[in-house]
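So this block is start_10.cif, mmCIF, C-alpha atoms and all ligand atoms:
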data_entry
loop_
_atom_site.label_atom_id
_atom_site.label_comp_id
_atom_site.auth_asym_id
_atom_site.auth_seq_id
_atom_site.Cartn_x
_atom_site.Cartn_y
_atom_site.Cartn_z
CA MET A 2 0.00 0.00 0.00
CA GLU A 3 2.73 2.44 0.97
CA GLN A 4 4.61 1.55 -2.16
CA GLU A 5 1.53 2.13 -4.26
CA LEU A 6 1.04 5.55 -2.69
CA ALA A 7 4.70 6.39 -3.19
CA SER A 8 4.65 5.38 -6.83
CA SER A 9 1.45 7.31 -7.58
CA GLU A 10 3.09 10.36 -6.00
CA ASP A 11 6.24 9.76 -8.07
CA GLU A 12 4.06 9.65 -11.12
CA LEU A 13 2.28 12.88 -10.17
CA VAL A 14 5.60 14.67 -9.67
CA ILE A 15 6.88 13.41 -13.02
CA ARG A 16 3.72 14.59 -14.72
CA LEU A 17 3.94 18.00 -13.06
CA LYS A 18 7.55 18.41 -14.12
CA ALA A 19 6.50 17.48 -17.64
CA GLY A 20 3.88 20.24 -17.60
CA ASP A 21 0.81 17.99 -17.50
CA GLU A 22 -2.12 20.32 -16.89
CA LEU A 23 -4.41 17.57 -15.62
CA ALA A 24 -1.88 16.69 -12.94
CA PHE A 25 -1.78 20.30 -11.79
CA ARG A 26 -5.53 20.50 -11.87
CA SER A 27 -5.96 17.47 -9.64
CA LEU A 28 -3.42 18.97 -7.25
CA ILE A 29 -5.21 22.31 -6.90
CA GLU A 30 -8.59 20.60 -6.57
CA GLU A 31 -7.29 18.53 -3.70
CA TYR A 32 -5.23 21.12 -1.84
CA ASN A 33 -6.55 24.58 -2.56
CA ALA A 34 -9.30 24.54 0.11
CA PRO A 35 -7.17 23.12 2.97
CA LEU A 36 -4.29 25.46 2.04
CA ARG A 37 -6.66 28.37 2.20
CA ARG A 38 -7.86 27.43 5.68
CA VAL A 39 -4.31 27.14 6.96
CA ALA A 40 -3.30 30.44 5.34
CA ARG A 41 -6.25 32.16 6.98
CA ARG A 42 -4.71 31.46 10.41
CA TYR A 43 -1.76 33.68 9.54
CA VAL A 44 -3.28 36.62 7.73
CA ALA A 45 -6.02 39.06 8.61
CA THR A 46 -8.46 38.69 5.73
CA ASP A 47 -9.89 36.11 3.32
CA ALA A 48 -8.50 38.14 0.43
CA ALA A 49 -5.00 38.03 1.91
CA ALA A 50 -5.34 34.27 2.38
CA ASP A 51 -6.33 33.90 -1.28
CA GLU A 52 -3.20 35.81 -2.28
CA VAL A 53 -1.03 33.63 -0.07
CA VAL A 54 -2.47 30.49 -1.66
CA GLN A 55 -2.03 31.84 -5.18
CA ASP A 56 1.59 32.75 -4.39
CA THR A 57 2.02 29.24 -3.01
CA TRP A 58 0.94 27.69 -6.29
CA VAL A 59 3.29 30.00 -8.18
CA GLY A 60 6.04 28.85 -5.79
CA VAL A 61 5.12 25.23 -6.47
CA LEU A 62 5.43 25.76 -10.23
CA ARG A 63 8.72 27.65 -9.88
CA GLY A 64 10.18 25.04 -7.60
CA ILE A 65 8.86 21.76 -9.00
CA ASP A 66 11.89 21.16 -11.24
CA ARG A 67 14.15 21.35 -8.21
CA PHE A 68 11.85 19.29 -5.96
CA GLU A 69 13.75 16.11 -5.15
CA GLN A 70 11.08 14.35 -3.08
CA ARG A 71 13.07 14.32 0.12
CA SER A 72 9.72 15.08 1.74
CA SER A 73 6.28 14.21 0.44
CA LEU A 74 4.75 16.52 -2.13
CA LYS A 75 2.07 17.51 0.37
CA THR A 76 4.62 18.46 3.03
CA TRP A 77 6.66 20.41 0.52
CA ILE A 78 3.60 22.40 -0.63
CA TYR A 79 2.64 23.22 2.97
CA ARG A 80 6.17 24.39 3.73
CA ILE A 81 5.97 26.82 0.82
CA LEU A 82 2.58 28.01 2.07
CA LEU A 83 3.78 28.51 5.64
CA ASN A 84 6.83 30.50 4.53
CA ILE A 85 4.69 32.82 2.45
CA ALA A 86 1.91 33.04 5.04
CA ARG A 87 4.31 33.86 7.87
CA THR A 88 6.11 36.54 5.91
CA ARG A 89 2.78 38.02 4.96
CA GLY A 90 1.42 37.65 8.50
CA VAL A 91 4.42 39.50 9.97
CA ARG A 92 3.96 42.25 7.41
CA ASP A 93 0.29 42.44 8.39
CA LYS A 94 1.33 42.29 12.07
CA ARG A 95 -0.70 39.17 12.54
CA SER A 96 1.62 36.30 13.11
CA ILE A 97 0.03 33.40 14.92
CA PRO A 98 2.48 30.62 15.54
CA PHE A 99 0.42 27.46 15.44
CA ALA A 100 2.44 25.58 18.01
CA SER A 101 2.38 28.32 20.63
CA LEU A 102 -1.40 28.51 20.44
CA ALA A 103 -1.50 24.76 20.89
CA ALA A 104 0.54 25.04 24.05
CA ASP A 105 -1.68 27.83 25.34
CA ASP A 106 -4.81 25.79 24.94
CA LYS A 107 -6.69 26.23 28.21
CA ASP A 108 -9.51 23.85 27.46
CA GLY A 109 -11.15 21.79 30.15
CA PRO A 110 -10.89 18.03 30.42
CA THR A 111 -12.74 15.49 28.26
CA PHE A 112 -15.28 14.96 31.05
CA GLU A 113 -16.07 17.33 33.92
CA PRO A 114 -14.35 16.30 37.18
CA GLU A 115 -17.81 15.79 38.76
CA ARG A 116 -18.29 12.76 36.52
CA PHE A 117 -15.67 10.92 38.59
CA GLN A 118 -15.41 9.85 42.22
CA HIS A 119 -13.43 12.17 44.47
CA ALA A 120 -10.42 11.51 46.69
CA ASN A 121 -12.42 10.26 49.67
CA ASP A 122 -14.83 8.12 47.63
CA PRO A 123 -14.25 4.34 47.37
CA HIS A 124 -12.62 4.51 43.90
CA PRO A 125 -11.08 7.93 43.29
CA GLY A 126 -10.84 8.83 39.61
CA HIS A 127 -13.36 6.18 38.57
CA TRP A 128 -16.81 6.92 37.21
CA ALA A 129 -19.32 8.29 39.70
CA ALA A 130 -21.97 6.99 37.26
CA PHE A 131 -21.21 5.32 33.94
CA PRO A 132 -21.72 7.50 30.87
CA THR A 133 -24.94 6.84 28.98
CA ARG A 134 -24.54 4.28 26.25
CA TRP A 135 -25.23 5.67 22.78
CA HIS A 136 -22.36 4.53 20.57
CA ASP A 137 -24.51 1.75 19.07
CA GLN A 138 -27.68 3.79 18.58
CA PRO A 139 -29.24 2.97 15.20
CA GLU A 140 -28.83 6.59 14.14
CA ILE A 141 -25.06 6.35 14.62
CA ARG A 142 -24.78 3.13 12.66
CA ALA A 143 -26.94 4.47 9.87
CA VAL A 144 -24.99 7.76 9.85
CA GLY A 145 -28.28 9.64 10.11
CA HIS A 146 -28.29 13.13 8.72
CA GLU A 147 -29.35 14.66 12.05
CA THR A 148 -26.36 13.05 13.71
CA ILE A 149 -24.09 14.35 10.98
CA ALA A 150 -25.60 17.82 11.45
CA VAL A 151 -24.72 17.70 15.17
CA VAL A 152 -21.11 16.79 14.33
CA ARG A 153 -20.86 19.47 11.65
CA ALA A 154 -22.20 22.19 13.94
CA ALA A 155 -19.85 21.15 16.75
CA LEU A 156 -16.90 21.06 14.35
CA GLU A 157 -17.61 24.60 13.23
CA MET A 158 -17.60 25.75 16.86
CA LEU A 159 -14.14 24.33 17.57
CA PRO A 160 -11.25 26.74 18.11
CA PRO A 161 -9.35 27.14 14.81
CA ASN A 162 -6.34 24.99 15.64
CA GLN A 163 -8.39 22.07 16.94
CA GLN A 164 -10.71 22.38 13.98
CA GLU A 165 -7.85 22.32 11.50
CA VAL A 166 -6.28 19.23 13.02
CA VAL A 167 -9.64 17.41 13.21
CA ARG A 168 -10.37 18.32 9.59
CA LEU A 169 -7.02 17.15 8.30
CA ARG A 170 -6.95 13.96 10.33
CA ASP A 171 -10.56 12.84 10.41
CA ILE A 172 -12.08 14.35 7.28
CA GLU A 173 -9.17 14.54 4.89
CA GLY A 174 -7.52 11.40 6.19
CA TRP A 175 -4.01 12.73 6.75
CA THR A 176 -1.63 10.77 8.94
CA SER A 177 -0.36 12.18 12.19
CA ALA A 178 3.12 12.62 10.67
CA GLU A 179 1.72 14.54 7.70
CA VAL A 180 -0.20 16.95 9.95
CA CYS A 181 2.84 17.48 12.19
CA ASN A 182 5.06 18.21 9.20
CA ALA A 183 2.66 20.49 7.42
CA LEU A 184 1.63 22.53 10.47
CA GLU A 185 4.98 22.25 12.26
CA LEU A 186 3.44 20.78 15.36
CA THR A 187 5.00 18.28 17.71
CA GLU A 188 3.35 14.85 17.84
CA THR A 189 2.20 15.63 21.36
CA ASN A 190 0.66 18.99 20.51
CA GLN A 191 -1.03 17.54 17.50
CA ARG A 192 -2.63 14.76 19.54
CA VAL A 193 -3.70 17.19 22.27
CA LEU A 194 -5.46 19.35 19.66
CA LEU A 195 -7.03 16.31 18.03
CA HIS A 196 -8.22 14.87 21.32
CA ARG A 197 -9.67 18.18 22.55
CA GLY A 198 -11.50 18.60 19.27
CA ARG A 199 -12.87 15.07 19.19
CA ALA A 200 -13.83 15.36 22.87
CA LYS A 201 -16.05 18.36 22.05
CA LEU A 202 -17.70 16.52 19.17
CA ARG A 203 -18.26 13.61 21.54
CA ALA A 204 -19.81 15.91 24.12
CA ALA A 205 -22.12 17.41 21.49
CA LEU A 206 -23.33 13.93 20.54
CA GLU A 207 -23.78 13.02 24.20
CA THR A 208 -26.01 16.07 24.69
CA TYR A 209 -27.93 15.26 21.53
CA PHE A 210 -28.55 11.63 22.47
CA SER A 211 -29.37 12.31 26.10
CA GLU A 212 -32.04 14.78 24.94
CA ALA A 213 -33.29 12.39 22.27
CA MET A 214 -33.42 9.44 24.67
CA SER A 215 -35.20 11.32 27.46
CA ALA A 216 -37.77 12.80 25.08
CA MET B 5 -0.57 -7.07 43.76
CA THR B 6 0.81 -5.84 40.48
CA THR B 7 3.65 -3.36 40.25
CA VAL B 8 1.83 -1.43 37.53
CA GLU B 9 -0.49 1.20 38.85
CA GLU B 10 -4.02 0.95 37.52
CA MET B 11 -5.18 3.60 35.06
CA ALA B 12 -8.16 5.45 36.54
CA CYS B 13 -11.16 6.26 34.33
CA GLN B 14 -10.38 9.97 34.62
CA GLU B 15 -6.91 9.43 33.16
CA LEU B 16 -8.06 6.90 30.58
CA VAL B 17 -10.55 9.24 28.91
CA GLU B 18 -7.68 11.68 28.22
CA ARG B 19 -5.61 8.96 26.56
CA VAL B 20 -8.14 7.66 24.04
CA THR B 21 -6.64 9.53 21.08
CA ASP B 22 -3.15 8.39 22.11
CA TYR B 23 -4.53 4.84 22.12
CA LEU B 24 -6.21 5.18 18.72
CA ASP B 25 -2.97 6.65 17.31
CA ALA B 26 -0.93 3.76 18.76
CA ALA B 27 1.06 6.34 20.69
CA LEU B 28 0.88 4.73 24.14
CA THR B 29 3.97 3.14 25.68
CA ASP B 30 3.78 -0.65 26.05
CA ALA B 31 3.14 -0.27 29.78
CA ASP B 32 0.36 2.28 29.25
CA LEU B 33 -1.14 0.20 26.45
CA THR B 34 -1.44 -2.75 28.83
CA ARG B 35 -2.98 -0.55 31.53
CA PHE B 36 -5.38 0.95 29.00
CA GLU B 37 -6.55 -2.35 27.55
CA GLU B 38 -6.84 -4.09 30.90
CA HIS B 39 -8.95 -1.22 32.17
CA VAL B 40 -11.27 -1.12 29.16
CA ASP B 41 -11.82 -4.89 29.42
CA GLU B 42 -13.14 -4.47 32.94
CA CYS B 43 -14.86 -1.09 32.84
CA PRO B 44 -18.10 -0.72 30.85
CA GLY B 45 -17.98 3.08 31.25
CA CYS B 46 -14.57 3.45 29.65
CA GLU B 47 -15.37 0.84 27.02
CA GLU B 48 -18.37 2.97 26.04
CA VAL B 49 -16.23 6.12 25.90
CA LEU B 50 -13.72 4.38 23.63
CA HIS B 51 -16.58 3.33 21.33
CA GLN B 52 -17.95 6.88 21.42
CA PHE B 53 -14.63 8.31 20.27
CA GLN B 54 -14.51 5.73 17.49
CA ALA B 55 -18.05 6.74 16.51
CA VAL B 56 -16.99 10.42 16.46
CA VAL B 57 -14.08 9.64 14.13
CA GLU B 58 -16.32 7.57 11.89
CA LEU B 59 -19.07 10.21 11.72
CA THR B 60 -16.61 13.05 11.15
CA GLY B 61 -15.22 11.07 8.22
CA HIS B 62 -18.67 11.25 6.64
CA LEU B 63 -18.55 15.06 6.46
CA GLU B 64 -16.58 14.65 3.26
CA PRO B 65 -16.98 15.69 0.54
CA ALA B 66 -19.97 18.07 0.73
CA ASP B 67 -18.56 19.93 3.74
CA VAL B 68 -15.07 20.42 2.38
CA ALA B 69 -15.36 23.46 0.19
CA ALA B 70 -14.05 22.66 -3.24
CA ILE B 71 -12.01 25.12 -5.25
CA ASP B 72 -14.23 27.72 -6.93
CA ALA B 73 -14.23 27.92 -10.70
CA THR B 74 -12.67 31.41 -10.89
CA THR B 75 -9.73 30.46 -8.72
CA ARG B 76 -9.26 27.24 -10.65
CA ASP B 77 -9.24 29.05 -13.99
CA THR B 78 -6.80 31.69 -12.72
CA LEU B 79 -4.46 28.96 -11.51
CA LEU B 80 -4.74 26.97 -14.71
CA ASP B 81 -3.88 30.15 -16.67
CA ALA B 82 -0.84 30.60 -14.45
CA PHE B 83 0.06 27.00 -15.14
CA ARG B 84 -0.15 27.45 -18.91
CA THR B 85 1.95 30.61 -18.77
CA TRP B 86 4.55 28.77 -16.68
CA HIS B 87 4.51 25.83 -19.04
CA ASN B 88 4.88 28.00 -22.16
CA GLU B 89 7.71 30.05 -20.66
CA ARG B 90 9.83 27.02 -19.89
CA GLN B 91 9.47 25.44 -23.33
ZN ZN A 301 -13.04 3.13 33.58
#
How does the structure come out when it is put into structure tokens?
Ligand SMILES: [Zn+2]
Amino acid sequence: MEQELASSEDELVIRLKAGDELAFRSLIEEYNAPLRRVARRYVATDAAADEVVQDTWVGVLRGIDRFEQRSSLKTWIYRILLNIARTRGVRDKRSIPFASLAADDKDGPTFEPERFQHANDPHPGHWAAFPTRWHDQPEIRAVGHETIAVVRAALEMLPPNQQEVVRLRDIEGWTSAEVCNALELTETNQRVLLHRGRAKLRAALETYFSEAMSA
Amino acid sequence: MTTVEEMACQELVERVTDYLDAALTDADLTRFEEHVDECPGCEEVLHQFQAVVELTGHLEPADVAAIDATTRDTLLDAFRTWHNERQ
């Protein structure tokens, strides 16, 4: 599988170097939207983000002949984007280092402390009452559109960094290493952001199902 | 008595993503799995996180904004210019 992926990327790079328009088109269709979201974290306006992404694609075209595939194509494109976005962000006096925001994350825990037994209870740190079971509700298994709407709404409410990591990992299917490379996050910070984000989606579903089940 | 301290539910729920990413140490992995085997509450939470990941995966593709036609055409023009200049 890895070899297949590697060889299809080799092929894409060869086609790009050869000036194959369809190869470039598939690249921009896949990456333009996620690049734009990442750029938006560094610059003040949507228009500025669009410029950063356009400059990134120009950088990709200018650099593709010299690209030696020491990193993946995806990582290389994101590095170009981040360089441009940071320079632009500094000029616009809006530089937001991704990693430092991650470290500053002051979110609460996955479950409120009241959900667990306290120090002088029989089993400190264990459930005071088990969480309600909903993971095997028919609506979950059927991927009901109401359930999806709950997840979508909760995703949109996530702080930007958590949202970006959840999107890349769980919607766009990136690996942990790819996200860390592209966003210059440590493995630990990346997993903290991912877990916090998923925890909020989980909590939104818990609220939804507890209301649905008590109705 | 084991020498390994048990993982409490409160700690376990913070380690679910580490578990799903295979990022736990061998010792923590054992503590995690032994706990989940015996604790219906934490087993449910693990399944809930798996359900969240699964459902989030279904947001594609309608919720991932595609490239708009104007941007695409501008970029394809840039591509053609680049391609012609390097001939
Ligand atoms: Zn437990």
Please identify every residue of chain B that has at least one atom no farther than 9 Å from an atom of chain A, counting all atoms listed in the file, and for each give the shortest atom pair and the distance in Å to one decimal, arranged by chain then increasing number, as a tab-separated table.
residue	atom	partner	partner_atom	distance
B:Met11	CA	A:Gly126	CA	8.9
B:Ala12	CA	A:Gly126	CA	5.3
B:Cys13	CA	A:His127	CA	4.8
B:Gln14	CA	A:Gly126	CA	5.1
B:Glu15	CA	A:Gly126	CA	7.6
B:Val17	CA	A:Thr111	CA	6.7
B:Glu18	CA	A:Thr111	CA	6.3
B:Arg19	CA	A:His196	CA	8.3
B:Val20	CA	A:His196	CA	7.7
B:Thr21	CA	A:His196	CA	5.6
B:Asp22	CA	A:Arg192	CA	6.9
B:Asp25	CA	A:Ser177	CA	8.0
B:Pro44	CA	A:Phe131	CA	7.5
B:Gly45	CA	A:Phe131	CA	4.8
B:Cys46	CA	A:Phe131	CA	8.1
B:Glu48	CA	A:Arg134	CA	6.3
B:Val49	CA	A:Pro132	CA	7.5
B:His51	CA	A:His136	CA	6.0
B:Gln52	CA	A:His136	CA	5.1
B:Phe53	CA	A:Arg203	CA	6.5
B:Gln54	CA	A:His136	CA	8.5
B:Ala55	CA	A:His136	CA	6.3
B:Val56	CA	A:Arg203	CA	6.1
B:Val57	CA	A:Asp171	CA	6.0
B:Glu58	CA	A:Asp171	CA	7.9
B:Leu59	CA	A:Ile149	CA	6.5
B:Thr60	CA	A:Ile172	CA	6.1
B:Gly61	CA	A:Ile172	CA	4.6
B:His62	CA	A:Ile172	CA	7.3
B:Leu63	CA	A:Ile172	CA	6.6
B:Glu64	CA	A:Ile172	CA	6.0
B:Pro65	CA	A:Ile172	CA	8.4
B:Asp67	CA	A:Arg153	CA	8.3
B:Val68	CA	A:Ala34	CA	7.4
B:Ala69	CA	A:Ala34	CA	6.2
B:Ala70	CA	A:Ala34	CA	6.1
B:Ile71	CA	A:Glu30	CA	5.8
B:Thr75	CA	A:Gln55	CA	8.6
B:Arg76	CA	A:Ile29	CA	7.4
B:Thr78	CA	A:Gln55	CA	8.9
B:Leu79	CA	A:Gln55	CA	7.4
B:Leu80	CA	A:Arg26	CA	7.1
B:Ala82	CA	A:Val59	CA	7.5
B:Phe83	CA	A:Glu22	CA	7.2
B:Arg84	CA	A:Glu22	CA	7.7
B:Trp86	CA	A:Leu62	CA	7.2
B:His87	CA	A:Gly20	CA	5.8
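If you look at CA of Phe68 (chain A) and CA of Ala73 (chain B), they are 27.9 Å away from each other.
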Separation of CA of Cys181 (chain A) from CA of Ala45 (chain A) in Å: 23.6 Å
Atom pair CA of Ala27 (chain B) / CA of Ala183 (chain A): separation (Å):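 Those two atoms sit 19.5 Å apart.
Distance annotation: of B:Leu16, B:Thr85, B:Thr74, B:Arg90, the residue with the minimal separation from His39 (chain B) is B:Leu16; atom set is only C-alpha atoms.
Counting only C-alpha atoms and all ligand atoms and comparing B:Ala26, B:Leu50, B:Leu33, B:Val40, the residue that lies closest to ligand ZN 301 (chain A) is B:Val40.
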Would you kindly return, as a PDB file with C-alpha atoms, in the coordinates of the input, each protein, DNA or RNA residue with an atom no farther than 8 Å from any atom of Leu82 (chain A), considering all atoms listed in the file and excluding same-chain residues fewer than 5 positions away?
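In the end it all went to around.pdb:
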ATOM      1  CA  LEU A  36      -4.290  25.460   2.040  1.00  0.00           C
ATOM      2  CA  ALA A  40      -3.300  30.440   5.340  1.00  0.00           C
ATOM      3  CA  VAL A  53      -1.030  33.630  -0.070  1.00  0.00           C
ATOM      4  CA  VAL A  54      -2.470  30.490  -1.660  1.00  0.00           C
ATOM      5  CA  THR A  57       2.020  29.240  -3.010  1.00  0.00           C
TER       6      THR A  57
END
